[in-house]
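Participant: Take a look at the following structure, please.
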Amino acid sequence: MRIVIAGAAANILSAHRRGFDAVDAQVVAVQDINTQRAQAVAAEFGARFHHDVDALWAEDADVALILAPHPFHAQMAIAALRAGKHVLVEKPLAVSVAEGDAMVAEAERAGRMLAVCLQQRMRDEVVEARRLIAAGFLGRLLRADLLATWPRRRAYFDLAAWRGTWRGEGGGVLINQGQHDMDLLLHLAGSPARVFAKTPTRMHEIETEDSVQALLEWENGALGSVHISTVEVDEAQRIELTGTRGRLRLTPGRLVSIGNDEDFEDFRAAQGGAFDVPGTGEPRAFEGAGGDHADLYRDWAEALAGRRPPIASGADALRTLELANAIQLSGRTGREVELPLDRKAYSALLESLRSAAGAAR
Ligand SMILES: NC(=O)c1ccc[n+]([C@@H]2O[C@H](COP(=O)([O-])OP(=O)(O)OC[C@H]3O[C@@H](n4cnc5c(N)ncnc54)[C@H](O)[C@@H]3O)[C@@H](O)[C@H]2O)c1
């Protein structure tokens, strides 16, 4: 696998190094606006350095890897696809779902693969949860709740000028920290039909939201919630799914499943005492590992070899971006928002937030 990297001086490169090693990938050229750091990266890989991103896309390579901040994802991915590269882009897919649509359409037109670094899908316990759900363990979904906390200090936002700004990042917890969490919620429960949300900036001195609370409703009537914050200390990630036949509780490295003795629909309708409670099985704990960039690259190598689709294709990751945008739109307008999201409405909101925010920090 021959790779070219845009935004090669990014901090996240350290995770990708482990991925390159896992599949014996060869970095042939790199680009970044930070010339000094990118030249050091080029020297490390014995790769060429380019100032100009178009020169990067003109290189002979199989894969374009995009590590630049999210507002560059769409334009870079589209240019790389047009240059005949398969594209692996860091999360989020893009900033707005309209950009994501254009990326997915370009991948289809070019006949190239577009995938997003949503490596947490590769965690063993997530794979196990998917297996149980596909086997009908939950029955009909009734409730799906996500809690994710990313306690961050001011120093985190000072790491780079783009963080926490409308122009430089295009959102806060929704577009950045919470992407993996919301992605897993949708990976397990599917996309909701509508959302209602609050998206405050409670403590951090940033333009964008540092907290979000959303009420979600699925087409089958299931209800759920999303709570994500960078100003709280609580469990890092917890996803709970309750269905008519059982429930799942997913936390990092662990899945706990509890099955009901019978489907609640049957229990409810059956003869019996007014205050009987349904029986359940013993909780079963599944301990998992994995879900890093090494796993992601092994999956990507399989996809490039034509053996299976990537674990998080652009089209699939679009749903996560759509949920993030829908929650943002609801939080900013105070209205319930339906999915599929009105692309024009979201793009107009983002433009107005960017204009009001003024220049990037
Ligand atoms: N998958 C994950 O778990 C994960 C974890 C962290 C970050 N990320 C994602 O990785 C991306 C980078 O995050 P980071 O924390 O490494 O950021 P960073 O600020 O360390 O790196 C961004 C890099 O992009 C470069 N850059 C800026 N504008 C550019 C341009 N026009 N052309 C080329 N390069 C440009 C910067 O110079 C910098 O080197 C983000 O999209 C982020 O969401 C993903």
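Please note that chains go A, B, ... in the order of the structure tokens, that every chain numbers its residues from 1, and that ligands are numbered from 1 in the order shown.
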Could you list, as a PyMOL selection string, every residue within 12 Å of His227 (chain A), counting only C-alpha atoms and ignoring same-chain residues fewer than 2 positions away?

Facilitator: chain A and resi 144-150+173-174+177-178+181-182+185+197-200+210-216+224-225+229-232+234-239+324+327

Participant: Using the chain letters and numbers from this document, which residues of region 111-302 of chain A does DSSP assign to strand (DSSP E or B), as a ChimeraX atom specification?

Facilitator: /A:114-116,141-149,194-198,211-217,223-229,237-243,246-251,254-260,280,284-287

Participant: To one decimal place in Å, what is the distance between CA of Ala345 (chain A) and atom 30 (C, counted along the ligand's line) of ligand 1?

Facilitator: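 Taking CA of Ala345 (chain A) as the start and atom 30 (C, counted along the ligand's line) of ligand 1 as the end point, the length is 27.2 Å.
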
Participant: Could you build a table of the residues in region 175-245 of chain A lying no more than 12 Å from region 259-271 of chain A, giving for each the nearest pair of atoms and their separation in Å rounded to one decimal place, using only C-alpha atoms, ordered by chain and ascending residue number, as CSV?

Facilitator:
```
residue,atom,partner,partner_atom,distance
A:Leu241,CA,A:Gly259,CA,11.8
A:Thr242,CA,A:Gly259,CA,9.9
A:Gly243,CA,A:Phe264,CA,8.6
A:Thr244,CA,A:Phe264,CA,5.0
A:Arg245,CA,A:Asp263,CA,4.5
```

Participant: Tell me which protein, DNA and RNA residues are within 12 Å of Thr165 (chain A), counting only C-alpha atoms, leaving out same-chain ones fewer than 5 positions away, and put them as a PyMOL selection string.

Facilitator: chain A and resi 69-71+157-158+160+170-173+175-176+201+204-210+350+353-361

Participant: Of the candidates A:Lys344, A:Phe20, A:Gly190, A:Asp299, which one gets nearest to Arg130 (chain A) if we count only C-alpha atoms?

Facilitator: A:Gly190

Participant: From the list A:Ala29, A:Met1, A:Ala107, A:Leu349, which residue is nearest Ala301 (chain A) when using only C-alpha atoms?

Facilitator: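 Closest residue, counting only C-alpha atoms: A:Met1.
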
Participant: When DSSP is applied to the backbone of this structure, which of region 17-149 of chain A are assigned alpha helix (DSSP H)? Write them out as a ChimeraX atom specification.

Facilitator: /A:17-23,35-45,53-57,73-82,97-110,124-134

Participant: Choose the residue, out of A:Arg17, A:Arg335, A:Arg343, A:Lys91, that has the smallest atom-to-atom separation from ligand 1; count only C-alpha atoms and all ligand atoms.

Facilitator: A:Lys91

Participant: List as a list in words the protein and nucleic acid residues near region 251-258 of chain A, meaning an atom at most 6 Å away when only C-alpha atoms are counted, but skip any in the same chain fewer than 4 places from it.

Facilitator: Glu125, Gln237, Arg238, Gly246, Arg247, Gly281, Pro283, Arg284, Ala285, Phe286, Glu287, Gly288 and Ala289 of chain A

Participant: Using only C-alpha atoms, which residues sit within 9 Å of Arg194 (chain A) once same-chain residues fewer than 5 positions away are excluded, as a PDB file with all heavy atoms, in the first residue's frame?

Facilitator:
```pdb
ATOM      1  N   LEU A 215     -32.504  14.536  22.642  1.00  0.00           N
ATOM      2  CA  LEU A 215     -33.525  13.480  22.692  1.00  0.00           C
ATOM      3  C   LEU A 215     -33.679  12.944  21.277  1.00  0.00           C
ATOM      4  O   LEU A 215     -33.834  13.726  20.332  1.00  0.00           O
ATOM      5  CB  LEU A 215     -34.855  14.079  23.172  1.00  0.00           C
ATOM      6  CG  LEU A 215     -36.072  13.156  23.108  1.00  0.00           C
ATOM      7  CD1 LEU A 215     -35.948  12.031  24.120  1.00  0.00           C
ATOM      8  CD2 LEU A 215     -37.350  13.955  23.401  1.00  0.00           C
ATOM      9  N   LEU A 216     -33.607  11.620  21.126  1.00  0.00           N
ATOM     10  CA  LEU A 216     -33.677  11.003  19.795  1.00  0.00           C
ATOM     11  C   LEU A 216     -34.921  10.119  19.720  1.00  0.00           C
ATOM     12  O   LEU A 216     -35.276   9.464  20.717  1.00  0.00           O
ATOM     13  CB  LEU A 216     -32.448  10.109  19.554  1.00  0.00           C
ATOM     14  CG  LEU A 216     -31.137  10.747  19.085  1.00  0.00           C
ATOM     15  CD1 LEU A 216     -30.674  11.870  19.980  1.00  0.00           C
ATOM     16  CD2 LEU A 216     -30.042   9.680  18.991  1.00  0.00           C
ATOM     17  N   GLU A 217     -35.517  10.078  18.531  1.00  0.00           N
ATOM     18  CA  GLU A 217     -36.641   9.157  18.321  1.00  0.00           C
ATOM     19  C   GLU A 217     -36.394   8.383  17.043  1.00  0.00           C
ATOM     20  O   GLU A 217     -36.093   8.986  15.999  1.00  0.00           O
ATOM     21  CB  GLU A 217     -37.962   9.936  18.236  1.00  0.00           C
ATOM     22  CG  GLU A 217     -39.156   9.021  18.115  1.00  0.00           C
ATOM     23  CD  GLU A 217     -40.499   9.761  18.072  1.00  0.00           C
ATOM     24  OE1 GLU A 217     -40.489  11.003  17.923  1.00  0.00           O
ATOM     25  OE2 GLU A 217     -41.534   9.093  18.147  1.00  0.00           O
ATOM     26  N   TRP A 218     -36.520   7.070  17.118  1.00  0.00           N
ATOM     27  CA  TRP A 218     -36.345   6.235  15.924  1.00  0.00           C
ATOM     28  C   TRP A 218     -37.701   6.011  15.259  1.00  0.00           C
ATOM     29  O   TRP A 218     -38.755   6.218  15.883  1.00  0.00           O
ATOM     30  CB  TRP A 218     -35.721   4.890  16.314  1.00  0.00           C
ATOM     31  CG  TRP A 218     -34.219   4.951  16.404  1.00  0.00           C
ATOM     32  CD1 TRP A 218     -33.322   4.538  15.460  1.00  0.00           C
ATOM     33  CD2 TRP A 218     -33.433   5.460  17.493  1.00  0.00           C
ATOM     34  NE1 TRP A 218     -32.028   4.771  15.903  1.00  0.00           N
ATOM     35  CE2 TRP A 218     -32.070   5.332  17.134  1.00  0.00           C
ATOM     36  CE3 TRP A 218     -33.730   6.024  18.733  1.00  0.00           C
ATOM     37  CZ2 TRP A 218     -31.026   5.737  17.968  1.00  0.00           C
ATOM     38  CZ3 TRP A 218     -32.695   6.425  19.562  1.00  0.00           C
ATOM     39  CH2 TRP A 218     -31.362   6.284  19.174  1.00  0.00           C
ATOM     40  N   GLU A 219     -37.657   5.566  14.024  1.00  0.00           N
ATOM     41  CA  GLU A 219     -38.884   5.401  13.247  1.00  0.00           C
ATOM     42  C   GLU A 219     -39.839   4.406  13.915  1.00  0.00           C
ATOM     43  O   GLU A 219     -41.054   4.553  13.837  1.00  0.00           O
ATOM     44  CB  GLU A 219     -38.531   4.944  11.816  1.00  0.00           C
ATOM     45  CG  GLU A 219     -39.548   5.308  10.761  1.00  0.00           C
ATOM     46  CD  GLU A 219     -39.956   6.791  10.781  1.00  0.00           C
ATOM     47  OE1 GLU A 219     -39.145   7.610  10.350  1.00  0.00           O
ATOM     48  OE2 GLU A 219     -41.091   7.104  11.215  1.00  0.00           O
ATOM     49  N   ALA A 326     -27.608  17.441  12.626  1.00  0.00           N
ATOM     50  CA  ALA A 326     -29.023  17.562  13.013  1.00  0.00           C
ATOM     51  C   ALA A 326     -29.140  18.042  14.454  1.00  0.00           C
ATOM     52  O   ALA A 326     -29.971  18.892  14.786  1.00  0.00           O
ATOM     53  CB  ALA A 326     -29.733  16.217  12.834  1.00  0.00           C
ATOM     54  N   GLU A 336     -37.383  20.848  16.833  1.00  0.00           N
ATOM     55  CA  GLU A 336     -37.133  19.446  16.514  1.00  0.00           C
ATOM     56  C   GLU A 336     -36.679  19.365  15.057  1.00  0.00           C
ATOM     57  O   GLU A 336     -37.183  20.103  14.214  1.00  0.00           O
ATOM     58  CB  GLU A 336     -38.426  18.654  16.710  1.00  0.00           C
ATOM     59  CG  GLU A 336     -38.263  17.177  16.528  1.00  0.00           C
ATOM     60  CD  GLU A 336     -39.513  16.424  16.942  1.00  0.00           C
ATOM     61  OE1 GLU A 336     -39.652  16.123  18.140  1.00  0.00           O
ATOM     62  OE2 GLU A 336     -40.341  16.139  16.055  1.00  0.00           O
ATOM     63  N   VAL A 337     -35.725  18.483  14.785  1.00  0.00           N
ATOM     64  CA  VAL A 337     -35.182  18.361  13.427  1.00  0.00           C
ATOM     65  C   VAL A 337     -35.370  16.935  12.926  1.00  0.00           C
ATOM     66  O   VAL A 337     -35.065  15.973  13.624  1.00  0.00           O
ATOM     67  CB  VAL A 337     -33.685  18.742  13.417  1.00  0.00           C
ATOM     68  CG1 VAL A 337     -33.019  18.362  12.109  1.00  0.00           C
ATOM     69  CG2 VAL A 337     -33.521  20.242  13.677  1.00  0.00           C
ATOM     70  N   GLU A 338     -35.884  16.831  11.693  1.00  0.00           N
ATOM     71  CA  GLU A 338     -36.124  15.521  11.071  1.00  0.00           C
ATOM     72  C   GLU A 338     -34.902  15.070  10.283  1.00  0.00           C
ATOM     73  O   GLU A 338     -34.186  15.892   9.702  1.00  0.00           O
ATOM     74  CB  GLU A 338     -37.289  15.633  10.064  1.00  0.00           C
ATOM     75  CG  GLU A 338     -38.623  16.026  10.646  1.00  0.00           C
ATOM     76  CD  GLU A 338     -39.405  14.844  11.204  1.00  0.00           C
ATOM     77  OE1 GLU A 338     -39.159  13.709  10.742  1.00  0.00           O
ATOM     78  OE2 GLU A 338     -40.238  15.069  12.095  1.00  0.00           O
ATOM     79  N   LEU A 339     -34.688  13.762  10.237  1.00  0.00           N
ATOM     80  CA  LEU A 339     -33.693  13.180   9.343  1.00  0.00           C
ATOM     81  C   LEU A 339     -34.438  12.452   8.229  1.00  0.00           C
ATOM     82  O   LEU A 339     -35.495  11.886   8.509  1.00  0.00           O
ATOM     83  CB  LEU A 339     -32.785  12.198  10.089  1.00  0.00           C
ATOM     84  CG  LEU A 339     -31.665  12.841  10.921  1.00  0.00           C
ATOM     85  CD1 LEU A 339     -32.197  13.373  12.240  1.00  0.00           C
ATOM     86  CD2 LEU A 339     -30.556  11.832  11.175  1.00  0.00           C
ATOM     87  N   PRO A 340     -33.990  12.393   6.981  1.00  0.00           N
ATOM     88  CA  PRO A 340     -32.770  13.006   6.494  1.00  0.00           C
ATOM     89  C   PRO A 340     -32.750  14.524   6.697  1.00  0.00           C
ATOM     90  O   PRO A 340     -33.779  15.189   6.531  1.00  0.00           O
ATOM     91  CB  PRO A 340     -32.756  12.674   5.001  1.00  0.00           C
ATOM     92  CG  PRO A 340     -33.763  11.595   4.811  1.00  0.00           C
ATOM     93  CD  PRO A 340     -34.728  11.681   5.935  1.00  0.00           C
TER      94      PRO A 340
END
```

Participant: When you look at region 103-105 of chain A with a cut-off of 12 Å (counting only C-alpha atoms), what residues show up, excluding the ones that are within fewer than 2 positions of it in the same chain? I need them as number ranges by chain.

Facilitator: A: 72-82, 86-89, 93-101, 107-116, 313-319

Participant: Figure out the distance between CA of Phe49 (chain A) and CA of Leu67 (chain A), please, to one decimal in Å.

Facilitator: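 Result for CA of Leu67 (chain A) versus CA of Phe49 (chain A): 15.1 Å, one decimal.
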
Participant: Nearest residue to ligand 1 out of A:Pro151, A:Gly136, A:Gly164, A:Gly306, using only C-alpha atoms and all ligand atoms?

Facilitator: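 Closest residue, counting only C-alpha atoms and all ligand atoms: A:Gly164.
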
Participant: Which of these, A:Gly272, A:Gly19, A:Gly290, A:Pro92, has the shortest distance to ligand 1 once you count only C-alpha atoms and all ligand atoms?

Facilitator: A:Pro92

Participant: Which residue gives the smallest distance to ligand 1 among A:Thr280, A:Ser330, A:Gln119, A:Gln36, with only C-alpha atoms and all ligand atoms counted?

Facilitator: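 That would be A:Gln119, the residue with the smallest distance to ligand 1.
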
Participant: May I have the residues within 7 Å of Ala10 (chain A) as a PyMOL selection string, using only C-alpha atoms and disregarding those fewer than 2 positions away in the same chain?

Facilitator: chain A and resi 7-8+12-13+67-68

Participant: Would you export the selected residues with N, CA and C atoms as a PDB file, in the first residue's frame, please?

Facilitator:
```
ATOM      1  N   GLY A   7      -1.498  16.974   5.544  1.00  0.00           N
ATOM      2  CA  GLY A   7      -1.572  17.292   6.977  1.00  0.00           C
ATOM      3  C   GLY A   7      -0.690  16.346   7.780  1.00  0.00           C
ATOM      4  N   ALA A   8       0.466  16.008   7.199  1.00  0.00           N
ATOM      5  CA  ALA A   8       1.319  14.939   7.749  1.00  0.00           C
ATOM      6  C   ALA A   8       1.970  15.288   9.078  1.00  0.00           C
ATOM      7  N   ILE A  12      -2.100  13.249  15.253  1.00  0.00           N
ATOM      8  CA  ILE A  12      -2.700  11.928  15.061  1.00  0.00           C
ATOM      9  C   ILE A  12      -1.837  11.013  14.189  1.00  0.00           C
ATOM     10  N   LEU A  13      -0.814  11.556  13.557  1.00  0.00           N
ATOM     11  CA  LEU A  13       0.086  10.704  12.757  1.00  0.00           C
ATOM     12  C   LEU A  13       0.645   9.560  13.602  1.00  0.00           C
ATOM     13  N   LEU A  67      -5.070  14.069   7.081  1.00  0.00           N
ATOM     14  CA  LEU A  67      -4.973  14.314   8.524  1.00  0.00           C
ATOM     15  C   LEU A  67      -5.131  15.793   8.867  1.00  0.00           C
ATOM     16  N   ALA A  68      -5.341  16.641   7.870  1.00  0.00           N
ATOM     17  CA  ALA A  68      -5.523  18.081   8.115  1.00  0.00           C
ATOM     18  C   ALA A  68      -6.843  18.284   8.877  1.00  0.00           C
TER      19      ALA A  68
END
```
